[in-house]
>>> print(open('upload11.cif').read())   # mmCIF, C-alpha atoms
data_input
loop_
_atom_site.group_PDB
_atom_site.id
_atom_site.type_symbol
_atom_site.label_atom_id
_atom_site.label_comp_id
_atom_site.auth_asym_id
_atom_site.auth_seq_id
_atom_site.Cartn_x
_atom_site.Cartn_y
_atom_site.Cartn_z
ATOM 1 C CA MET A 1 -26.558 -134.380 -52.589
ATOM 2 C CA THR A 2 -27.721 -131.971 -55.310
ATOM 3 C CA SER A 3 -26.388 -132.877 -58.721
ATOM 4 C CA GLU A 4 -25.059 -130.434 -61.288
ATOM 5 C CA ALA A 5 -27.909 -131.440 -63.586
ATOM 6 C CA THR A 6 -30.455 -130.491 -60.935
ATOM 7 C CA LEU A 7 -28.831 -127.103 -60.411
ATOM 8 C CA SER A 8 -28.782 -126.405 -64.135
ATOM 9 C CA GLY A 9 -32.399 -127.395 -64.639
ATOM 10 C CA ALA A 10 -31.445 -130.290 -66.928
ATOM 11 C CA PRO A 11 -33.685 -133.387 -66.945
ATOM 12 C CA THR A 12 -33.000 -135.695 -64.002
ATOM 13 C CA GLY A 13 -35.804 -138.216 -64.344
ATOM 14 C CA ASP A 14 -37.782 -136.512 -61.576
ATOM 15 C CA THR A 15 -41.148 -135.381 -62.942
ATOM 16 C CA ALA A 16 -41.770 -132.862 -60.148
ATOM 17 C CA GLU A 17 -42.144 -129.343 -61.493
ATOM 18 C CA PRO A 18 -39.389 -126.959 -60.358
ATOM 19 C CA THR A 19 -40.397 -124.546 -57.609
ATOM 20 C CA LEU A 20 -39.445 -121.684 -59.924
ATOM 21 C CA PHE A 21 -42.429 -122.479 -62.138
ATOM 22 C CA ALA A 22 -44.832 -122.180 -59.214
ATOM 23 C CA THR A 23 -43.173 -118.883 -58.296
ATOM 24 C CA MET A 24 -43.606 -117.474 -61.797
ATOM 25 C CA SER A 25 -47.205 -118.669 -62.117
ATOM 26 C CA THR A 26 -48.247 -116.813 -58.954
ATOM 27 C CA MET A 27 -46.212 -113.635 -59.444
ATOM 28 C CA ARG A 28 -49.029 -111.142 -59.861
ATOM 29 C CA ALA A 29 -48.420 -107.399 -59.654
ATOM 30 C CA MET A 30 -49.092 -106.650 -55.982
ATOM 31 C CA ARG A 31 -49.884 -102.963 -55.465
ATOM 32 C CA ARG A 32 -51.471 -102.990 -52.030
ATOM 33 C CA LEU A 33 -48.600 -102.925 -49.553
ATOM 34 C CA ARG A 34 -48.402 -102.869 -45.792
ATOM 35 C CA PRO A 35 -46.381 -99.934 -44.407
ATOM 36 C CA ASP A 36 -44.125 -102.256 -42.382
ATOM 37 C CA PRO A 37 -40.439 -101.714 -43.263
ATOM 38 C CA VAL A 38 -38.533 -104.260 -45.327
ATOM 39 C CA PRO A 39 -35.162 -105.150 -43.752
ATOM 40 C CA ASP A 40 -32.129 -103.875 -45.640
ATOM 41 C CA GLU A 41 -30.743 -107.399 -45.848
ATOM 42 C CA LEU A 42 -33.790 -108.519 -47.839
ATOM 43 C CA LEU A 43 -33.550 -105.522 -50.159
ATOM 44 C CA ASP A 44 -29.873 -106.345 -50.675
ATOM 45 C CA ARG A 45 -30.888 -109.876 -51.657
ATOM 46 C CA LEU A 46 -33.235 -108.416 -54.288
ATOM 47 C CA ILE A 47 -30.405 -106.318 -55.705
ATOM 48 C CA GLN A 48 -28.099 -109.351 -55.640
ATOM 49 C CA ALA A 49 -30.657 -111.263 -57.683
ATOM 50 C CA ALA A 50 -30.807 -108.359 -60.132
ATOM 51 C CA VAL A 51 -27.021 -108.255 -60.430
ATOM 52 C CA TRP A 52 -27.034 -111.948 -61.328
ATOM 53 C CA GLY A 53 -29.091 -111.131 -64.428
ATOM 54 C CA PRO A 54 -27.341 -111.055 -67.800
ATOM 55 C CA SER A 55 -25.920 -107.765 -69.034
ATOM 56 C CA GLY A 56 -25.049 -107.067 -72.665
ATOM 57 C CA GLY A 57 -21.338 -107.520 -73.295
ATOM 58 C CA ASN A 58 -21.058 -108.265 -69.569
ATOM 59 C CA MET A 59 -20.541 -104.519 -69.150
ATOM 60 C CA GLN A 60 -22.490 -104.445 -65.858
ATOM 61 C CA ARG A 61 -23.000 -100.690 -65.964
ATOM 62 C CA TYR A 62 -26.214 -100.825 -63.901
ATOM 63 C CA GLU A 63 -26.844 -98.930 -60.674
ATOM 64 C CA TYR A 64 -29.813 -99.249 -58.311
ATOM 65 C CA VAL A 65 -31.332 -96.456 -56.243
ATOM 66 C CA VAL A 66 -33.097 -97.961 -53.205
ATOM 67 C CA VAL A 67 -35.415 -95.553 -51.387
ATOM 68 C CA THR A 68 -36.551 -96.425 -47.852
ATOM 69 C CA ASP A 69 -36.576 -93.004 -46.162
ATOM 70 C CA PRO A 70 -40.229 -92.012 -45.507
ATOM 71 C CA ALA A 71 -39.347 -88.343 -46.040
ATOM 72 C CA VAL A 72 -37.951 -89.060 -49.508
ATOM 73 C CA MET A 73 -40.965 -91.242 -50.312
ATOM 74 C CA ALA A 74 -43.267 -88.401 -49.276
ATOM 75 C CA ASP A 75 -41.392 -86.082 -51.656
ATOM 76 C CA LEU A 76 -41.850 -88.586 -54.476
ATOM 77 C CA ALA A 77 -45.563 -89.199 -53.811
ATOM 78 C CA PRO A 78 -46.802 -86.079 -55.690
ATOM 79 C CA LEU A 79 -44.704 -87.050 -58.713
ATOM 80 C CA TRP A 80 -46.102 -90.574 -58.600
ATOM 81 C CA LYS A 81 -49.655 -89.200 -58.429
ATOM 82 C CA ARG A 82 -49.129 -86.966 -61.452
ATOM 83 C CA CYS A 83 -47.726 -89.853 -63.496
ATOM 84 C CA VAL A 84 -50.483 -92.269 -62.490
ATOM 85 C CA ASP A 85 -53.228 -89.734 -63.174
ATOM 86 C CA ALA A 86 -51.718 -88.964 -66.586
ATOM 87 C CA TYR A 87 -51.675 -92.691 -67.370
ATOM 88 C CA LEU A 88 -55.263 -93.252 -66.209
ATOM 89 C CA ALA A 89 -56.446 -90.301 -68.267
ATOM 90 C CA THR A 90 -54.923 -91.668 -71.486
ATOM 91 C CA THR A 91 -53.528 -95.159 -72.071
ATOM 92 C CA GLY A 92 -55.094 -96.566 -68.921
ATOM 93 C CA LYS A 93 -58.541 -95.108 -69.510
ATOM 94 C CA TYR A 94 -59.936 -98.228 -71.158
ATOM 95 C CA ALA A 95 -59.539 -101.935 -70.563
ATOM 96 C CA PRO A 96 -57.198 -103.686 -73.019
ATOM 97 C CA ALA A 97 -58.878 -105.728 -75.746
ATOM 98 C CA GLY A 98 -59.894 -109.113 -74.383
ATOM 99 C CA MET A 99 -59.714 -108.090 -70.726
ATOM 100 C CA ASP A 100 -62.849 -108.364 -68.640
ATOM 101 C CA GLU A 101 -64.143 -104.930 -67.578
ATOM 102 C CA ALA A 102 -64.641 -106.076 -64.000
ATOM 103 C CA ALA A 103 -61.090 -107.412 -63.813
ATOM 104 C CA TYR A 104 -59.777 -104.178 -65.261
ATOM 105 C CA GLY A 105 -61.782 -102.230 -62.717
ATOM 106 C CA ARG A 106 -60.132 -104.193 -59.927
ATOM 107 C CA MET A 107 -56.714 -103.485 -61.394
ATOM 108 C CA VAL A 108 -57.442 -99.757 -61.627
ATOM 109 C CA ALA A 109 -58.672 -99.781 -58.025
ATOM 110 C CA ALA A 110 -55.352 -101.311 -56.973
ATOM 111 C CA ILE A 111 -53.439 -98.697 -59.002
ATOM 112 C CA GLU A 112 -55.437 -95.936 -57.328
ATOM 113 C CA TYR A 113 -54.831 -97.467 -53.899
ATOM 114 C CA GLN A 114 -51.099 -97.519 -54.553
ATOM 115 C CA ARG A 115 -51.265 -93.920 -55.780
ATOM 116 C CA ASP A 116 -53.139 -92.742 -52.701
ATOM 117 C CA HIS A 117 -50.831 -94.610 -50.287
ATOM 118 C CA PHE A 118 -47.547 -94.143 -52.120
ATOM 119 C CA ALA A 119 -45.962 -92.174 -49.280
ATOM 120 C CA GLU A 120 -46.361 -95.303 -47.120
ATOM 121 C CA THR A 121 -44.431 -97.496 -49.570
ATOM 122 C CA PRO A 122 -41.699 -99.283 -47.550
ATOM 123 C CA ALA A 123 -39.180 -99.406 -50.397
ATOM 124 C CA LEU A 124 -38.811 -98.200 -53.962
ATOM 125 C CA ILE A 125 -36.132 -99.473 -56.327
ATOM 126 C CA ILE A 126 -35.055 -97.498 -59.405
ATOM 127 C CA PRO A 127 -32.880 -99.505 -61.843
ATOM 128 C CA CYS A 128 -30.497 -97.247 -63.780
ATOM 129 C CA TYR A 129 -28.059 -97.813 -66.612
ATOM 130 C CA ARG A 130 -25.427 -95.723 -68.361
ATOM 131 C CA PHE A 131 -24.588 -97.172 -71.765
ATOM 132 C CA PRO A 132 -20.993 -96.384 -72.810
ATOM 133 C CA GLU A 133 -20.243 -94.341 -75.887
ATOM 134 C CA PRO A 134 -19.586 -96.702 -78.810
ATOM 135 C CA ARG A 135 -16.017 -96.993 -80.060
ATOM 136 C CA ILE A 136 -16.350 -96.555 -83.814
ATOM 137 C CA GLU A 137 -13.467 -97.187 -86.168
ATOM 138 C CA GLU A 138 -13.391 -96.588 -89.907
ATOM 139 C CA GLU A 139 -12.447 -100.182 -90.711
ATOM 140 C CA GLY A 140 -15.187 -101.507 -88.451
ATOM 141 C CA MET A 141 -17.797 -99.301 -90.097
ATOM 142 C CA ARG A 142 -16.664 -100.487 -93.523
ATOM 143 C CA ARG A 143 -17.119 -104.110 -92.518
ATOM 144 C CA TYR A 144 -20.446 -103.241 -90.853
ATOM 145 C CA ALA A 145 -21.745 -101.771 -94.111
ATOM 146 C CA GLU A 146 -20.444 -104.735 -96.105
ATOM 147 C CA GLU A 147 -22.186 -107.258 -93.871
ATOM 148 C CA LEU A 148 -25.521 -105.456 -93.766
ATOM 149 C CA GLY A 149 -25.559 -104.244 -97.350
ATOM 150 C CA ALA A 150 -26.755 -100.852 -98.538
ATOM 151 C CA GLU A 151 -30.407 -101.477 -97.678
ATOM 152 C CA GLY A 152 -29.661 -102.930 -94.254
ATOM 153 C CA THR A 153 -27.252 -100.109 -93.404
ATOM 154 C CA ALA A 154 -29.837 -97.509 -94.399
ATOM 155 C CA ARG A 155 -32.496 -99.290 -92.343
ATOM 156 C CA MET A 156 -30.227 -99.322 -89.296
ATOM 157 C CA GLY A 157 -29.725 -95.607 -89.711
ATOM 158 C CA ARG A 158 -33.490 -95.121 -89.536
ATOM 159 C CA ILE A 159 -33.975 -97.275 -86.424
ATOM 160 C CA GLN A 160 -30.747 -96.430 -84.605
ATOM 161 C CA GLU A 161 -32.538 -94.660 -81.749
ATOM 162 C CA ARG A 162 -34.835 -97.655 -81.189
ATOM 163 C CA PHE A 163 -31.923 -100.083 -81.484
ATOM 164 C CA ALA A 164 -29.930 -98.157 -78.867
ATOM 165 C CA ALA A 165 -32.909 -98.016 -76.487
ATOM 166 C CA LEU A 166 -33.502 -101.764 -76.839
ATOM 167 C CA ALA A 167 -29.808 -102.523 -76.388
ATOM 168 C CA GLU A 168 -29.730 -100.548 -73.166
ATOM 169 C CA GLY A 169 -33.010 -101.984 -71.911
ATOM 170 C CA SER A 170 -31.839 -105.524 -72.614
ATOM 171 C CA CYS A 171 -28.973 -104.897 -70.178
ATOM 172 C CA VAL A 172 -31.405 -103.885 -67.432
ATOM 173 C CA TYR A 173 -34.691 -105.765 -67.635
ATOM 174 C CA PRO A 174 -33.372 -109.314 -67.185
ATOM 175 C CA GLY A 175 -32.013 -108.134 -63.835
ATOM 176 C CA VAL A 176 -35.336 -106.471 -62.976
ATOM 177 C CA GLN A 177 -37.151 -109.732 -63.692
ATOM 178 C CA ASN A 178 -34.720 -111.519 -61.384
ATOM 179 C CA LEU A 179 -35.511 -108.909 -58.739
ATOM 180 C CA LEU A 180 -39.259 -109.510 -59.106
ATOM 181 C CA LEU A 181 -38.794 -113.276 -58.900
ATOM 182 C CA ALA A 182 -36.641 -112.902 -55.804
ATOM 183 C CA ALA A 183 -39.266 -110.669 -54.197
ATOM 184 C CA ARG A 184 -41.973 -113.258 -54.846
ATOM 185 C CA GLY A 185 -39.715 -116.011 -53.496
ATOM 186 C CA LEU A 186 -39.175 -114.035 -50.287
ATOM 187 C CA GLY A 187 -42.881 -113.344 -49.868
ATOM 188 C CA LEU A 188 -42.554 -109.679 -50.821
ATOM 189 C CA ALA A 189 -44.963 -107.828 -53.065
ATOM 190 C CA ALA A 190 -43.570 -105.855 -55.987
ATOM 191 C CA ASN A 191 -44.579 -104.544 -59.370
ATOM 192 C CA ILE A 192 -42.719 -102.965 -62.244
ATOM 193 C CA THR A 193 -43.821 -99.630 -63.678
ATOM 194 C CA ILE A 194 -42.333 -97.138 -66.120
ATOM 195 C CA TRP A 195 -44.832 -94.328 -65.516
ATOM 196 C CA HIS A 196 -42.123 -92.263 -63.837
ATOM 197 C CA LEU A 197 -40.605 -91.718 -67.297
ATOM 198 C CA MET A 198 -43.366 -89.170 -67.973
ATOM 199 C CA LEU A 199 -41.571 -86.939 -65.463
ATOM 200 C CA GLU A 200 -38.153 -88.567 -65.495
ATOM 201 C CA GLU A 201 -36.189 -85.358 -65.099
ATOM 202 C CA GLU A 202 -38.159 -84.458 -61.965
ATOM 203 C CA TRP A 203 -37.616 -87.946 -60.524
ATOM 204 C CA LYS A 204 -33.896 -87.796 -61.250
ATOM 205 C CA ALA A 205 -33.633 -84.375 -59.649
ATOM 206 C CA ALA A 206 -35.497 -85.546 -56.538
ATOM 207 C CA LEU A 207 -33.180 -88.556 -56.178
ATOM 208 C CA GLY A 208 -29.918 -86.931 -57.257
ATOM 209 C CA ILE A 209 -29.528 -89.275 -60.230
ATOM 210 C CA PRO A 210 -26.910 -87.950 -62.699
ATOM 211 C CA ASP A 211 -28.194 -86.412 -65.930
ATOM 212 C CA ASP A 212 -26.356 -88.946 -68.095
ATOM 213 C CA MET A 213 -27.847 -91.923 -66.243
ATOM 214 C CA ASN A 214 -31.067 -93.372 -67.679
ATOM 215 C CA THR A 215 -33.753 -94.846 -65.434
ATOM 216 C CA PHE A 216 -35.720 -97.880 -66.549
ATOM 217 C CA ALA A 217 -38.362 -98.641 -63.933
ATOM 218 C CA ALA A 218 -39.817 -97.742 -60.573
ATOM 219 C CA VAL A 219 -40.428 -100.870 -58.498
ATOM 220 C CA PRO A 220 -42.405 -100.437 -55.250
ATOM 221 C CA VAL A 221 -41.616 -103.229 -52.770
ATOM 222 C CA GLY A 222 -43.254 -104.227 -49.496
ATOM 223 C CA TRP A 223 -45.192 -106.860 -47.611
ATOM 224 C CA PRO A 224 -48.470 -107.655 -49.376
ATOM 225 C CA ARG A 225 -51.881 -106.858 -47.953
ATOM 226 C CA GLY A 226 -53.462 -109.560 -50.084
ATOM 227 C CA ARG A 227 -52.524 -113.044 -51.168
ATOM 228 C CA PHE A 228 -50.465 -114.135 -54.108
ATOM 229 C CA GLY A 229 -52.521 -115.964 -56.675
ATOM 230 C CA PRO A 230 -52.360 -117.449 -60.151
ATOM 231 C CA VAL A 231 -51.693 -115.027 -62.980
ATOM 232 C CA SER A 232 -54.187 -114.683 -65.820
ATOM 233 C CA ARG A 233 -52.362 -114.983 -69.113
ATOM 234 C CA ARG A 234 -53.031 -116.093 -72.684
ATOM 235 C CA PRO A 235 -52.556 -119.841 -73.248
ATOM 236 C CA VAL A 236 -49.375 -120.983 -74.947
ATOM 237 C CA GLU A 237 -51.213 -122.333 -77.995
ATOM 238 C CA GLU A 238 -52.454 -118.816 -78.758
ATOM 239 C CA VAL A 239 -49.041 -117.175 -78.765
ATOM 240 C CA VAL A 240 -46.536 -119.698 -80.104
ATOM 241 C CA HIS A 241 -45.526 -119.921 -83.792
ATOM 242 C CA ARG A 242 -43.429 -122.994 -84.483
ATOM 243 C CA ASN A 243 -40.596 -122.704 -86.982
ATOM 244 C CA ARG A 244 -42.166 -119.658 -88.672
ATOM 245 C CA TRP A 245 -45.109 -117.249 -88.275
#
>>> encode(input="upload11.cif", output="structure tokens")
Amino acid sequence: MTSEATLSGAPTGDTAEPTLFATMSTMRAMRRLRPDPVPDELLDRLIQAAVWGPSGGNMQRYEYVVVTDPAVMADLAPLWKRCVDAYLATTGKYAPAGMDEAAYGRMVAAIEYQRDHFAETPALIIPCYRFPEPRIEEEGMRRYAEELGAEGTARMGRIQERFAALAEGSCVYPGVQNLLLAARGLGLAANITIWHLMLEEEWKAALGIPDDMNTFAAVPVGWPRGRFGPVSRRPVEEVVHRNRW
């Protein structure tokens, strides 16, 4: 019988590493997909995993566009190509600092493969979110200013656009990560991109997404052509700062 402690991830005395850790450590971006369709029931399980993710204020104002129609995918392929080519001509032109040139070349080759075969993508998931208009009251704003102080209030005024974007994104991306984990657990390949934002209005028009709905990613999903393998990431000792920077 599975205990509550086991379900919660609390220590049980068993030193075996949770399966989730193995899943995360082999969850590479998989861009080479087979054209075989992904059953709707599996795609629904991915969305269910996403819905289980936390949402700020528990507002749950997310929506997911799931594209599986080859005709729609063919319409999107030219948009995808334009976005990818724009990325490769600018930000993606050079390998990131510390990344091996050969490894970066392999990654670019996979990006180009996905670009050239995008119309064959079995499924594409677009996470969307519509953040509600804030309810602002005079008394609340007075207390807000008191708590932050003059300098803090002025600073918030300068970064309000960034704050709003992060607030909205924080309601979406935990669910997207759940979706990616679920895909890996089901043996499906997936990767998260935001390149579509370069032509977001065109994407929204092609998919009938309302003007007031923001899109946060384009996640191609399918059965992998290659094998899952260990991710290459910086070691913990290089990135952790204990108690303070």
>>> resolve_selection(input="upload11.cif", expression="the PyMOL selection byres ((chain A and resi 48-56) around 6)", output="ChimeraX atom specification")
/A:45-47,57-58,60,171,174-176,178-179
>>> write_last_selection(input="upload11.cif", atoms="C-alpha atoms", output="compact mmCIF listing (two decimals), in the coordinates of the input")
# COMPACT_ATOMS: atom_id res chain seq x y z
CA ARG A 45 -30.89 -109.88 -51.66
CA LEU A 46 -33.24 -108.42 -54.29
CA ILE A 47 -30.40 -106.32 -55.70
CA GLY A 57 -21.34 -107.52 -73.30
CA ASN A 58 -21.06 -108.26 -69.57
CA GLN A 60 -22.49 -104.44 -65.86
CA CYS A 171 -28.97 -104.90 -70.18
CA PRO A 174 -33.37 -109.31 -67.18
CA GLY A 175 -32.01 -108.13 -63.84
CA VAL A 176 -35.34 -106.47 -62.98
CA ASN A 178 -34.72 -111.52 -61.38
CA LEU A 179 -35.51 -108.91 -58.74
>>> axis_aligned_box(input="upload11.cif", around="segment 200-219 of chain A", padding_each_side="3 Å", output="AutoDock Vina command-line options")
--center_x -33.4 --center_y -92.6 --center_z -62.1 --size_x 20.1 --size_y 22.5 --size_z 17.9
>>> atom_distance(input="upload11.cif", atom1="atom CA of Val67 of chain A", atom2="atom CA of Ala123 of chain A")
5.5 Å
>>> closest_residue(input="upload11.cif", among="A:Val72, A:Leu181, A:Leu33, A:Leu148", to="Pro122 of chain A", atoms="all atoms listed in the file")
A:Leu33
>>> resolve_selection(input="upload11.cif", expression="the PyMOL selection byres ((chain A and resi 69) around 10)", output="list in words")
Pro37, Val66, Val67, Thr68, Pro70, Ala71, Val72, Met73, Ala74, Ala119, Thr121, Pro122, Ala123 and Leu124 of chain A
>>> resolve_selection(input="upload11.cif", expression="the PyMOL selection byres ((chain A and resi 62) around 6)", output="PyMOL selection string")
chain A and resi 60-61+63+128-129
>>> residues_around(input="upload11.cif", residues="segment 195-198 of chain A", least_positions_apart="2", cutoff="7 Å", atoms="only C-alpha atoms", output="VMD selection string")
chain A and resid 80 83 to 84 193 200 218
>>> write_last_selection(input="upload11.cif", atoms="C-alpha atoms", output="PDB file, in the frame of the given file")
ATOM      1  CA  TRP A  80     -46.102 -90.574 -58.600  1.00  0.00           C
ATOM      2  CA  CYS A  83     -47.726 -89.853 -63.496  1.00  0.00           C
ATOM      3  CA  VAL A  84     -50.483 -92.269 -62.490  1.00  0.00           C
ATOM      4  CA  THR A 193     -43.821 -99.630 -63.678  1.00  0.00           C
ATOM      5  CA  GLU A 200     -38.153 -88.567 -65.495  1.00  0.00           C
ATOM      6  CA  ALA A 218     -39.817 -97.742 -60.573  1.00  0.00           C
TER       7      ALA A 218
END
>>> atom_distance(input="upload11.cif", atom1="atom CA of Gly152 of chain A", atom2="atom CA of Ala165 of chain A")
18.7 Å
>>> build_atoms(input="upload11.cif", residues="segment 74-84 of chain A", atoms="all heavy atoms", output="PDB file, in the frame of the given file")
ATOM      1  N   ALA A  74     -42.228 -89.431 -49.307  1.00  0.00           N
ATOM      2  CA  ALA A  74     -43.267 -88.401 -49.276  1.00  0.00           C
ATOM      3  C   ALA A  74     -43.006 -87.344 -50.343  1.00  0.00           C
ATOM      4  O   ALA A  74     -43.948 -86.818 -50.959  1.00  0.00           O
ATOM      5  CB  ALA A  74     -43.320 -87.766 -47.895  1.00  0.00           C
ATOM      6  N   ASP A  75     -41.726 -87.033 -50.597  1.00  0.00           N
ATOM      7  CA  ASP A  75     -41.392 -86.082 -51.656  1.00  0.00           C
ATOM      8  C   ASP A  75     -41.725 -86.635 -53.036  1.00  0.00           C
ATOM      9  O   ASP A  75     -42.089 -85.886 -53.948  1.00  0.00           O
ATOM     10  CB  ASP A  75     -39.901 -85.734 -51.599  1.00  0.00           C
ATOM     11  CG  ASP A  75     -39.541 -84.862 -50.403  1.00  0.00           C
ATOM     12  OD1 ASP A  75     -40.457 -84.233 -49.826  1.00  0.00           O
ATOM     13  OD2 ASP A  75     -38.349 -84.828 -50.034  1.00  0.00           O
ATOM     14  N   LEU A  76     -41.582 -87.958 -53.187  1.00  0.00           N
ATOM     15  CA  LEU A  76     -41.850 -88.586 -54.476  1.00  0.00           C
ATOM     16  C   LEU A  76     -43.344 -88.805 -54.733  1.00  0.00           C
ATOM     17  O   LEU A  76     -43.766 -88.918 -55.892  1.00  0.00           O
ATOM     18  CB  LEU A  76     -41.136 -89.935 -54.564  1.00  0.00           C
ATOM     19  CG  LEU A  76     -39.605 -89.909 -54.531  1.00  0.00           C
ATOM     20  CD1 LEU A  76     -39.072 -91.341 -54.490  1.00  0.00           C
ATOM     21  CD2 LEU A  76     -39.040 -89.174 -55.741  1.00  0.00           C
ATOM     22  N   ALA A  77     -44.143 -88.873 -53.675  1.00  0.00           N
ATOM     23  CA  ALA A  77     -45.563 -89.199 -53.811  1.00  0.00           C
ATOM     24  C   ALA A  77     -46.309 -88.270 -54.768  1.00  0.00           C
ATOM     25  O   ALA A  77     -47.101 -88.749 -55.598  1.00  0.00           O
ATOM     26  CB  ALA A  77     -46.229 -89.212 -52.431  1.00  0.00           C
ATOM     27  N   PRO A  78     -46.100 -86.940 -54.729  1.00  0.00           N
ATOM     28  CA  PRO A  78     -46.802 -86.079 -55.690  1.00  0.00           C
ATOM     29  C   PRO A  78     -46.403 -86.368 -57.142  1.00  0.00           C
ATOM     30  O   PRO A  78     -47.240 -86.282 -58.049  1.00  0.00           O
ATOM     31  CB  PRO A  78     -46.387 -84.666 -55.265  1.00  0.00           C
ATOM     32  CG  PRO A  78     -45.998 -84.791 -53.835  1.00  0.00           C
ATOM     33  CD  PRO A  78     -45.371 -86.144 -53.719  1.00  0.00           C
ATOM     34  N   LEU A  79     -45.136 -86.694 -57.365  1.00  0.00           N
ATOM     35  CA  LEU A  79     -44.704 -87.050 -58.713  1.00  0.00           C
ATOM     36  C   LEU A  79     -45.389 -88.332 -59.171  1.00  0.00           C
ATOM     37  O   LEU A  79     -45.840 -88.439 -60.322  1.00  0.00           O
ATOM     38  CB  LEU A  79     -43.181 -87.230 -58.757  1.00  0.00           C
ATOM     39  CG  LEU A  79     -42.317 -85.977 -58.628  1.00  0.00           C
ATOM     40  CD1 LEU A  79     -40.844 -86.363 -58.599  1.00  0.00           C
ATOM     41  CD2 LEU A  79     -42.591 -85.012 -59.764  1.00  0.00           C
ATOM     42  N   TRP A  80     -45.441 -89.307 -58.274  1.00  0.00           N
ATOM     43  CA  TRP A  80     -46.102 -90.574 -58.600  1.00  0.00           C
ATOM     44  C   TRP A  80     -47.570 -90.325 -58.953  1.00  0.00           C
ATOM     45  O   TRP A  80     -48.084 -90.868 -59.937  1.00  0.00           O
ATOM     46  CB  TRP A  80     -45.995 -91.527 -57.414  1.00  0.00           C
ATOM     47  CG  TRP A  80     -46.570 -92.890 -57.661  1.00  0.00           C
ATOM     48  CD1 TRP A  80     -47.862 -93.295 -57.433  1.00  0.00           C
ATOM     49  CD2 TRP A  80     -45.897 -94.036 -58.189  1.00  0.00           C
ATOM     50  NE1 TRP A  80     -48.029 -94.609 -57.772  1.00  0.00           N
ATOM     51  CE2 TRP A  80     -46.834 -95.086 -58.241  1.00  0.00           C
ATOM     52  CE3 TRP A  80     -44.592 -94.278 -58.601  1.00  0.00           C
ATOM     53  CZ2 TRP A  80     -46.504 -96.357 -58.698  1.00  0.00           C
ATOM     54  CZ3 TRP A  80     -44.266 -95.541 -59.068  1.00  0.00           C
ATOM     55  CH2 TRP A  80     -45.213 -96.568 -59.108  1.00  0.00           C
ATOM     56  N   LYS A  81     -48.240 -89.497 -58.179  1.00  0.00           N
ATOM     57  CA  LYS A  81     -49.655 -89.200 -58.429  1.00  0.00           C
ATOM     58  C   LYS A  81     -49.845 -88.566 -59.796  1.00  0.00           C
ATOM     59  O   LYS A  81     -50.762 -88.953 -60.548  1.00  0.00           O
ATOM     60  CB  LYS A  81     -50.209 -88.276 -57.346  1.00  0.00           C
ATOM     61  CG  LYS A  81     -51.708 -87.968 -57.515  1.00  0.00           C
ATOM     62  CD  LYS A  81     -52.225 -87.049 -56.435  1.00  0.00           C
ATOM     63  CE  LYS A  81     -53.742 -86.880 -56.528  1.00  0.00           C
ATOM     64  NZ  LYS A  81     -54.208 -86.434 -57.869  1.00  0.00           N
ATOM     65  N   ARG A  82     -49.005 -87.610 -60.146  1.00  0.00           N
ATOM     66  CA  ARG A  82     -49.129 -86.966 -61.452  1.00  0.00           C
ATOM     67  C   ARG A  82     -48.946 -87.966 -62.584  1.00  0.00           C
ATOM     68  O   ARG A  82     -49.692 -87.941 -63.576  1.00  0.00           O
ATOM     69  CB  ARG A  82     -48.099 -85.846 -61.567  1.00  0.00           C
ATOM     70  CG  ARG A  82     -48.389 -84.632 -60.694  1.00  0.00           C
ATOM     71  CD  ARG A  82     -47.224 -83.663 -60.696  1.00  0.00           C
ATOM     72  NE  ARG A  82     -46.970 -83.127 -62.034  1.00  0.00           N
ATOM     73  CZ  ARG A  82     -45.872 -82.433 -62.359  1.00  0.00           C
ATOM     74  NH1 ARG A  82     -44.918 -82.230 -61.447  1.00  0.00           N
ATOM     75  NH2 ARG A  82     -45.714 -81.977 -63.589  1.00  0.00           N
ATOM     76  N   CYS A  83     -47.973 -88.852 -62.456  1.00  0.00           N
ATOM     77  CA  CYS A  83     -47.726 -89.853 -63.496  1.00  0.00           C
ATOM     78  C   CYS A  83     -48.888 -90.834 -63.609  1.00  0.00           C
ATOM     79  O   CYS A  83     -49.333 -91.160 -64.715  1.00  0.00           O
ATOM     80  CB  CYS A  83     -46.422 -90.591 -63.210  1.00  0.00           C
ATOM     81  SG  CYS A  83     -44.929 -89.575 -63.332  1.00  0.00           S
ATOM     82  N   VAL A  84     -49.377 -91.318 -62.471  1.00  0.00           N
ATOM     83  CA  VAL A  84     -50.483 -92.269 -62.490  1.00  0.00           C
ATOM     84  C   VAL A  84     -51.734 -91.622 -63.077  1.00  0.00           C
ATOM     85  O   VAL A  84     -52.443 -92.221 -63.898  1.00  0.00           O
ATOM     86  CB  VAL A  84     -50.762 -92.806 -61.073  1.00  0.00           C
ATOM     87  CG1 VAL A  84     -52.055 -93.617 -61.039  1.00  0.00           C
ATOM     88  CG2 VAL A  84     -49.599 -93.674 -60.605  1.00  0.00           C
TER      89      VAL A  84
END
